[in-house]
Every structure is written in C-alpha cells, then in structure tokens.
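To start, the structure itself, in structure tokens.
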Amino acid sequence: MTTQASNPSALGRRSFLRGAAFAAAAVPILTEAHLAQAAQTGAAPSGLALHGQSPNAPPPGMVLINANENPLGPSKAACEAIARVAPLGGRYDQYGETEMLASTFAAQNGLKMENVAVYAGSSEPLHYSVLAFTSPTRSFVTADPSYEAGMYAAKTSQARIVKVPLTADCAHDVKAMVAADPQAGVIYICNPNNPTGTLTTKQDIVWALENKPAGAIVLVDEAYIHLTDAQDTLDLVAAGKDLIVLRTFSKIYGMAGIRCGFAVGRPDLLAKLTPFGQNAMPITGSAAARASLEEPGLVPLRRKIIGDTRRDTLAWLKANNYKVIGDPQTNCFMIDTGRDGKSVIAAMKARNVLIGRTWPIWPNAVRVSVGTPEEMASFKTAFKAVMDAKPVALEASRQHAELDYFATL
Ligand code: PLP
C-alpha cells in the first residue's frame, strides 16, 4: 500500500489542488482607477473594464475628481521623451531606458541601483510586497481609513487584516499598529494617507521600524509625498532598515496612464517580490519617468499649483462651515458631510461632478481629489447645491457593493 506522502503522483495532485484553490482565491492587482470606478458603478472592484470602451466611461464634460489623478498630466519633457523613444518601440529595451531610470533615481537619492526595482506603477509592487510578507500566519496591519489595495492583496495571501484607526489628528497610530499583532508580516503606512491627505511624522515611522515585530516589514507608501513638505524615508533604505518604500509617477508627475513606479528597498527584500512577477517596462514609461526626474523645478512648481488649489478649496469649505477632516497636505481630502456619503456622491454625479468614495469607518465622509481651479469651481457650486438640498436616501439597489465588501475584511 502506498501512503499519500510516499506517492509522488498523489503529492503532485495535492499541490495542484492547493495551487488551484490559491488561484481561485487570487485577487487581481487593483489600481486607484479600479477602486474609483467601482465606487461609481456600485459593482465590486475588478481588474477589468476601465473607462475607454467601458459602458461606464464618463460622459464628456464630467468633472473627474474621484481618482486622485493629476489634471496637469505628464510634463512637456516627459511627452518629448515618449516621442523620442516611441520609434524604438519595435525592439525590447535596446538602449537600457529602464536601467538609466533606476540609475538616475538612485543617484538623486543616495541609493544604489540594487535598491530600486522599476514597475509599471506602484500598484504591482504594493500587491507583491503584501503577497511576499503576509500569509495565513503573518498579518497585514493597516490604518483605517487608508488605501485599500493592500487589503485586497492580503485577501489573496489569506492573511488576517488588522485595521487600526487613525489618531485624532489623522496620523497613523504607529504605537497601536505595532502593538496590534506580534505576528504581523506587513505594517502598511501610507504617507501622506489616502484618503485623508494627512501626514505621519518621520519620527513615528522610525519608531515603527525600531519596534515592529521581528520578521515584519514596514511598507511605506509615498505615492503622494512630493505634494507635501514632509521628509521622505529613502535614507532609511540606504541605512539598510526593514522597509520597502513605494513610489509612483501617477501623482505629481501626472503619468497615471503612462505607468511607472518603484519599489525601493534592500536587495534581499526586493528579491522576495520578484517571484510574483517582474515584467519588462514599456520604454515609453521609463523614458518619461527619467525626463520627469531630470526636469528642474517640476516638483516644487506642481506642488505649489496643486497646493494653491487645495488651500483655496479648503478655505472655501471652512468658510461655508463644511467639515474637512484633519489637515490635508496633498491632492485629496475628506469632508464629513453629516449625511450618508454615498447619497452625496450620487447627487454630485447627477450634477456632473464625480467625487471619490467613502470608507466603511466613516460612512458620512467623502473623498475629493484636487483638480484644476475651474474643476474645483464646479465642485463648489455642485457641492453647495447638494448640501443645501434635503438629503435623499439612496435606493438599496444603488448601495455600493465594494464598500460592504471592505466592511467584511
Ligand atoms: N498607493 C496609493 C496610496 C495610491 O493612492 C495609489 C493610486 O492612487 C497607488 C499606490 C498606486 O498607483 P499607481 O499604480 O498608479 O502607481
């Protein structure tokens, strides 16, 4: 008689079945665009059907301040770089565009090339970092509310998800996050935080690194860091600490549709991400990203343009006695509307303004992205009209399924 353990074909079948179960549970890599669109349609977020051919494509003229995009788009230098390399696109990366990008970023930040892994956006390395460092026995610890994509990845690795409310001033409560689970695999710190736009001090992040459970990493998501005056954490990578820093070109650099991002970390940590996927970069994304990094004055100029529009909008909201949550520093903020946030989102949509979603912990609060001054003027007019009108209850059929999904995580 052969036991299962000594029977290679039974073992093969068993691991195949385990693999199949894993594949069935695998969740696609979701970007802000998927999450933003799901909030508008009421469908659970999926990796498919974004704008473009989708029947859910927004009508022309709709104000799009729902996905934390940058209305300034890619810089002129980035567009020129794309035009320069596009004719070379018949071949793979013949001239090493991606390597030149990594080397430029490393040199600008006192890092080595081996500290920088280039991806088509930061959604991929966010997903892979969670898959690599969480498991059924190593949890995913996140602030609440915070960017949800990591929770989706944790679903795939069947990790426990531990949500820790933000502090009263909307920073990450690092002491509570570190204490939350001695078996944590990833402590996710989104700085500044999406959706609140609020900051966590570098001192607190250093504290988390020094006090976290052994074997855990701190995953610092700096998607919006350039829009603030806050110190980044790249020096902690250079110092060899247990963190991975995520960067994207989708925000201040306005390249969400062109796609480029980084995972920055110790080579041994980055190596754990590669089994999950490491595709070649499109040379257009790499070339545009390098041109953006090399354009003098681009970051401070854009920080000022977007910051001025944010400050103007926040001042208007406060002057009109609307309640902004915390002290937002980036291209998004939350308003506590004092009524069901989903109904406000629907009423704004009816007035041609798409605003962002709600989070289960604060069902009355809506996230708004900072658009152009003209877009924010349309926002103000629509928001005042919506808030002046009597609240309208949403029909049950319009309730947004994905938010209920998050409530169950
Ligand atoms: N992290 C945060 C906090 C985000 O808000 C986003 C997108 O909005 C991302 C990561 C991923 O961005 P991308 O994949 O476009 O680089």
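Chain labels follow the order of the structure tokens: the first chain is A, the next B, and so on; residue numbering restarts at 1 in every chain, and ligands are counted from 1 in their shown order.
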
Helix (DSSP H, G or I) positions in region 115-352 of chain A, given as a PyMOL selection string: chain A and resi 115+123-133+149-156+174-179+202-211+225-227+234-238+267-271+274-276+283-294+298-319+341-350

Using only C-alpha atoms and all ligand atoms, determine which residues fall within 7 Å of ligand 1, then list them as number ranges by chain. A: 31-32, 67-68, 121-124, 126, 147, 190, 193-194, 221, 223, 248-250, 256, 259-261

Any chance you can output those residues with N, CA and C atoms as a compact mmCIF listing (two decimals), in the first residue's frame?
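Writing the result to again10.txt gives the following:
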# COMPACT_ATOMS: atom_id res chain seq x y z
N THR A 31 -5.86 49.08 -9.11
CA THR A 31 -5.33 50.44 -9.01
C THR A 31 -6.41 51.35 -8.45
N GLU A 32 -6.01 52.56 -8.16
CA GLU A 32 -6.97 53.58 -7.70
C GLU A 32 -8.11 53.71 -8.73
N ALA A 67 -10.37 60.11 -8.55
CA ALA A 67 -9.34 59.06 -8.55
C ALA A 67 -7.95 59.61 -8.24
N ASN A 68 -7.87 60.76 -7.60
CA ASN A 68 -6.57 61.34 -7.22
C ASN A 68 -5.59 61.43 -8.39
N GLY A 121 4.02 51.28 -12.54
CA GLY A 121 3.18 51.83 -11.47
C GLY A 121 3.53 51.20 -10.14
N SER A 122 2.98 51.74 -9.05
CA SER A 122 3.32 51.17 -7.74
C SER A 122 2.27 50.16 -7.26
N SER A 123 1.17 50.01 -8.01
CA SER A 123 0.17 49.02 -7.58
C SER A 123 0.76 47.61 -7.56
N GLU A 124 1.58 47.31 -8.58
CA GLU A 124 2.19 45.97 -8.64
C GLU A 124 3.08 45.69 -7.44
N LEU A 126 3.13 47.10 -4.60
CA LEU A 126 2.32 47.10 -3.38
C LEU A 126 1.70 45.72 -3.18
N TYR A 147 -5.54 53.52 2.15
CA TYR A 147 -5.68 53.00 0.78
C TYR A 147 -5.93 51.49 0.84
N CYS A 190 0.78 54.63 4.78
CA CYS A 190 0.57 55.40 3.57
C CYS A 190 0.78 56.87 3.95
N ASN A 193 -1.52 60.05 3.81
CA ASN A 193 -2.51 58.98 3.72
C ASN A 193 -3.54 59.25 2.64
N ASN A 194 -3.86 58.23 1.87
CA ASN A 194 -5.03 58.24 1.00
C ASN A 194 -6.10 57.48 1.80
N ASP A 221 4.18 53.76 1.82
CA ASP A 221 3.65 54.12 0.51
C ASP A 221 3.73 55.64 0.36
N ALA A 223 3.21 57.49 -2.34
CA ALA A 223 2.63 57.89 -3.63
C ALA A 223 2.46 59.42 -3.73
N THR A 248 5.43 56.35 -7.00
CA THR A 248 4.71 56.27 -8.28
C THR A 248 4.91 57.55 -9.08
N PHE A 249 4.80 57.41 -10.38
CA PHE A 249 4.81 58.59 -11.26
C PHE A 249 3.38 59.01 -11.62
N SER A 250 2.39 58.40 -10.95
CA SER A 250 0.98 58.67 -11.29
C SER A 250 0.47 59.97 -10.67
N ALA A 256 -0.33 58.71 -14.67
CA ALA A 256 -1.14 57.55 -14.25
C ALA A 256 -1.42 56.61 -15.42
N ARG A 259 2.20 54.96 -16.75
CA ARG A 259 2.58 53.89 -15.82
C ARG A 259 4.08 53.81 -15.56
N CYS A 260 4.45 54.14 -14.37
CA CYS A 260 5.80 53.85 -13.87
C CYS A 260 5.79 54.02 -12.35
N GLY A 261 6.52 53.16 -11.68
CA GLY A 261 6.64 53.27 -10.22
C GLY A 261 7.82 52.45 -9.75

For Ser343 (chain A): contacts at 8 Å, only C-alpha atoms, fewer than 6 positions along chain excluded, given as a PyMOL selection string: chain A and resi 391-394

Please dump the current selection as a compact mmCIF listing (two decimals), in the first residue's frame; keep all heavy atoms.
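Done, and the output landed in result.txt:
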# COMPACT_ATOMS: atom_id res chain seq x y z
N PRO A 391 -31.39 65.85 2.26
CA PRO A 391 -30.73 64.58 1.94
C PRO A 391 -31.71 63.60 1.30
O PRO A 391 -32.87 63.52 1.73
CB PRO A 391 -30.28 64.05 3.30
CG PRO A 391 -30.38 65.18 4.25
CD PRO A 391 -31.34 66.18 3.69
N VAL A 392 -31.24 62.91 0.26
CA VAL A 392 -32.10 61.90 -0.39
C VAL A 392 -31.51 60.54 -0.09
O VAL A 392 -30.32 60.31 -0.34
CB VAL A 392 -32.11 62.12 -1.93
CG1 VAL A 392 -33.03 61.13 -2.61
CG2 VAL A 392 -32.49 63.55 -2.25
N ALA A 393 -32.33 59.63 0.42
CA ALA A 393 -31.81 58.29 0.72
C ALA A 393 -31.57 57.55 -0.58
O ALA A 393 -32.37 57.67 -1.52
CB ALA A 393 -32.81 57.53 1.58
N LEU A 394 -30.47 56.83 -0.64
CA LEU A 394 -30.18 56.02 -1.83
C LEU A 394 -31.07 54.80 -1.85
O LEU A 394 -31.33 54.20 -0.81
CB LEU A 394 -28.74 55.53 -1.77
CG LEU A 394 -27.64 56.36 -2.41
CD1 LEU A 394 -26.35 55.57 -2.38
CD2 LEU A 394 -27.99 56.74 -3.83

Tell me, as a PyMOL selection string, which residues lie within 12 Å of region 327-329 of chain A, counting only C-alpha atoms; anything in the same chain fewer than 2 positions away does not count. chain A and resi 168-171+191-200+224-230+303-304+306-311+313-315+318+323-325+331-335+367-370

DSSP strand (DSSP E or B) residues within region 52-126 of chain A, listed as a list in words: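 Filtering region 52-126 of chain A to strand (DSSP E or B) leaves Val63, Leu64, Ile65, Val116, Ala117, Val118 and Tyr119 of chain A.
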
Write out as an MDAnalysis selection string which residues come within 9 Å of region 285-302 of chain A when counting only C-alpha atoms, dropping same-chain ones fewer than 3 positions away. chainID A and resid 72 74:82 84:85 97:102 104:105 108 118 120 226:227 249 252:253 255 258:261 281:282 305:307

Point-to-point distance in Å for CA of Gly185 (chain A) and CA of Lys272 (chain A):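 One can read the CA of Lys272 (chain A) to CA of Gly185 (chain A) distance as 13.0 Å.
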
Might you pull out every residue within 8 Å of Ala153 (chain A), with only C-alpha atoms counted and same-chain residues fewer than 2 positions away left off, and present them as a short mmCIF file (atom, residue, chain, number, x, y, z; two decimals) with all heavy atoms, in the first residue's frame?
data_model
loop_
_atom_site.label_atom_id
_atom_site.label_comp_id
_atom_site.auth_asym_id
_atom_site.auth_seq_id
_atom_site.Cartn_x
_atom_site.Cartn_y
_atom_site.Cartn_z
N VAL A 27 -6.80 37.60 -6.05
CA VAL A 27 -7.50 38.85 -6.36
C VAL A 27 -6.62 39.63 -7.34
O VAL A 27 -5.41 39.65 -7.19
CB VAL A 27 -7.69 39.64 -5.03
CG1 VAL A 27 -8.23 41.03 -5.29
CG2 VAL A 27 -8.59 38.88 -4.09
N ILE A 29 -4.62 42.64 -9.32
CA ILE A 29 -3.96 43.85 -8.83
C ILE A 29 -4.87 45.02 -9.17
O ILE A 29 -5.21 45.24 -10.33
CB ILE A 29 -2.60 44.03 -9.52
CG1 ILE A 29 -1.69 42.86 -9.15
CG2 ILE A 29 -1.96 45.36 -9.15
CD1 ILE A 29 -0.41 42.80 -9.95
N HIS A 127 1.10 45.22 -4.24
CA HIS A 127 0.45 43.91 -4.20
C HIS A 127 1.50 42.82 -3.87
O HIS A 127 1.28 41.99 -2.99
CB HIS A 127 -0.17 43.66 -5.57
CG HIS A 127 -1.22 42.60 -5.60
ND1 HIS A 127 -2.55 42.86 -5.39
CD2 HIS A 127 -1.13 41.27 -5.82
CE1 HIS A 127 -3.24 41.73 -5.48
NE2 HIS A 127 -2.40 40.75 -5.74
N TYR A 128 2.61 42.86 -4.58
CA TYR A 128 3.63 41.81 -4.40
C TYR A 128 4.26 41.87 -3.01
O TYR A 128 4.60 40.82 -2.43
CB TYR A 128 4.73 41.92 -5.45
CG TYR A 128 4.23 41.76 -6.88
CD1 TYR A 128 4.98 42.26 -7.95
CD2 TYR A 128 3.04 41.10 -7.18
CE1 TYR A 128 4.54 42.12 -9.26
CE2 TYR A 128 2.60 40.97 -8.48
CZ TYR A 128 3.35 41.48 -9.52
OH TYR A 128 2.92 41.35 -10.81
N VAL A 130 2.82 42.72 -0.27
CA VAL A 130 1.88 42.11 0.67
C VAL A 130 1.88 40.60 0.49
O VAL A 130 1.92 39.83 1.46
CB VAL A 130 0.47 42.72 0.50
CG1 VAL A 130 -0.53 42.03 1.43
CG2 VAL A 130 0.50 44.22 0.77
N LEU A 131 1.89 40.15 -0.78
CA LEU A 131 1.92 38.69 -1.02
C LEU A 131 3.20 38.07 -0.43
O LEU A 131 3.17 36.97 0.12
CB LEU A 131 1.87 38.39 -2.51
CG LEU A 131 0.58 38.72 -3.26
CD1 LEU A 131 0.66 38.21 -4.69
CD2 LEU A 131 -0.65 38.15 -2.57
N ALA A 149 -5.88 48.95 -1.46
CA ALA A 149 -5.34 47.93 -2.38
C ALA A 149 -4.57 46.83 -1.63
O ALA A 149 -4.65 45.65 -2.00
CB ALA A 149 -4.45 48.58 -3.43
N GLY A 150 -3.85 47.20 -0.58
CA GLY A 150 -3.08 46.21 0.17
C GLY A 150 -3.99 45.18 0.83
O GLY A 150 -3.62 44.00 0.97
N MET A 151 -5.19 45.61 1.23
CA MET A 151 -6.12 44.66 1.85
C MET A 151 -6.57 43.61 0.83
O MET A 151 -6.77 42.45 1.17
CB MET A 151 -7.35 45.39 2.41
CG MET A 151 -7.03 46.24 3.61
SD MET A 151 -8.50 46.65 4.58
CE MET A 151 -9.29 47.85 3.54
N LYS A 155 -6.00 39.56 1.11
CA LYS A 155 -7.08 38.58 0.90
C LYS A 155 -6.52 37.37 0.13
O LYS A 155 -6.81 36.23 0.45
CB LYS A 155 -8.10 39.27 0.04
CG LYS A 155 -9.59 39.28 0.18
CD LYS A 155 -10.30 38.95 1.34
CE LYS A 155 -11.70 38.50 0.98
NZ LYS A 155 -12.31 37.85 2.08
N THR A 156 -5.71 37.68 -0.89
CA THR A 156 -5.13 36.60 -1.69
C THR A 156 -4.20 35.74 -0.86
O THR A 156 -4.19 34.52 -0.98
CB THR A 156 -4.35 37.18 -2.90
OG1 THR A 156 -5.28 37.85 -3.73
CG2 THR A 156 -3.68 36.08 -3.70
N SER A 157 -3.39 36.37 0.01
CA SER A 157 -2.46 35.55 0.80
C SER A 157 -3.14 34.98 2.04
O SER A 157 -2.48 34.37 2.87
CB SER A 157 -1.20 36.33 1.16
OG SER A 157 -1.52 37.40 2.01
#

Top pick for closest residue to Ala184 (chain A), considering A:Lys163, A:Lys212, A:His172, A:Arg138 and counting only C-alpha atoms: A:Arg138

Which residue, A:Pro58, A:Gly215, A:Gly371, A:Pro28, has the smallest gap to Gln40 (chain A) when you use only C-alpha atoms?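 Answer, going by the shortest atom-to-atom distance: A:Pro58.
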
Excluding Gly240 (chain A) and any residue of its chain fewer than 2 positions from it, enumerate the residues within 10 Å of it, using only C-alpha atoms, and give them as JSON, numbers by chain. {"A": [115, 235, 236, 237, 238, 242, 243, 265, 266, 267]}

Export C-alpha atoms of the chosen residues as a short mmCIF file (atom, residue, chain, number, x, y, z; two decimals), in the first residue's frame?
data_model
loop_
_atom_site.label_atom_id
_atom_site.label_comp_id
_atom_site.auth_asym_id
_atom_site.auth_seq_id
_atom_site.Cartn_x
_atom_site.Cartn_y
_atom_site.Cartn_z
CA ASN A 115 17.86 49.32 -4.12
CA ASP A 235 17.56 57.39 3.75
CA LEU A 236 16.21 54.52 5.87
CA VAL A 237 16.54 52.25 2.84
CA ALA A 238 20.13 53.42 2.37
CA ASP A 242 13.47 46.56 7.16
CA LEU A 243 11.28 48.72 4.94
CA GLY A 265 14.42 48.62 -0.54
CA ARG A 266 17.27 46.35 0.47
CA PRO A 267 18.06 43.91 -2.34
#
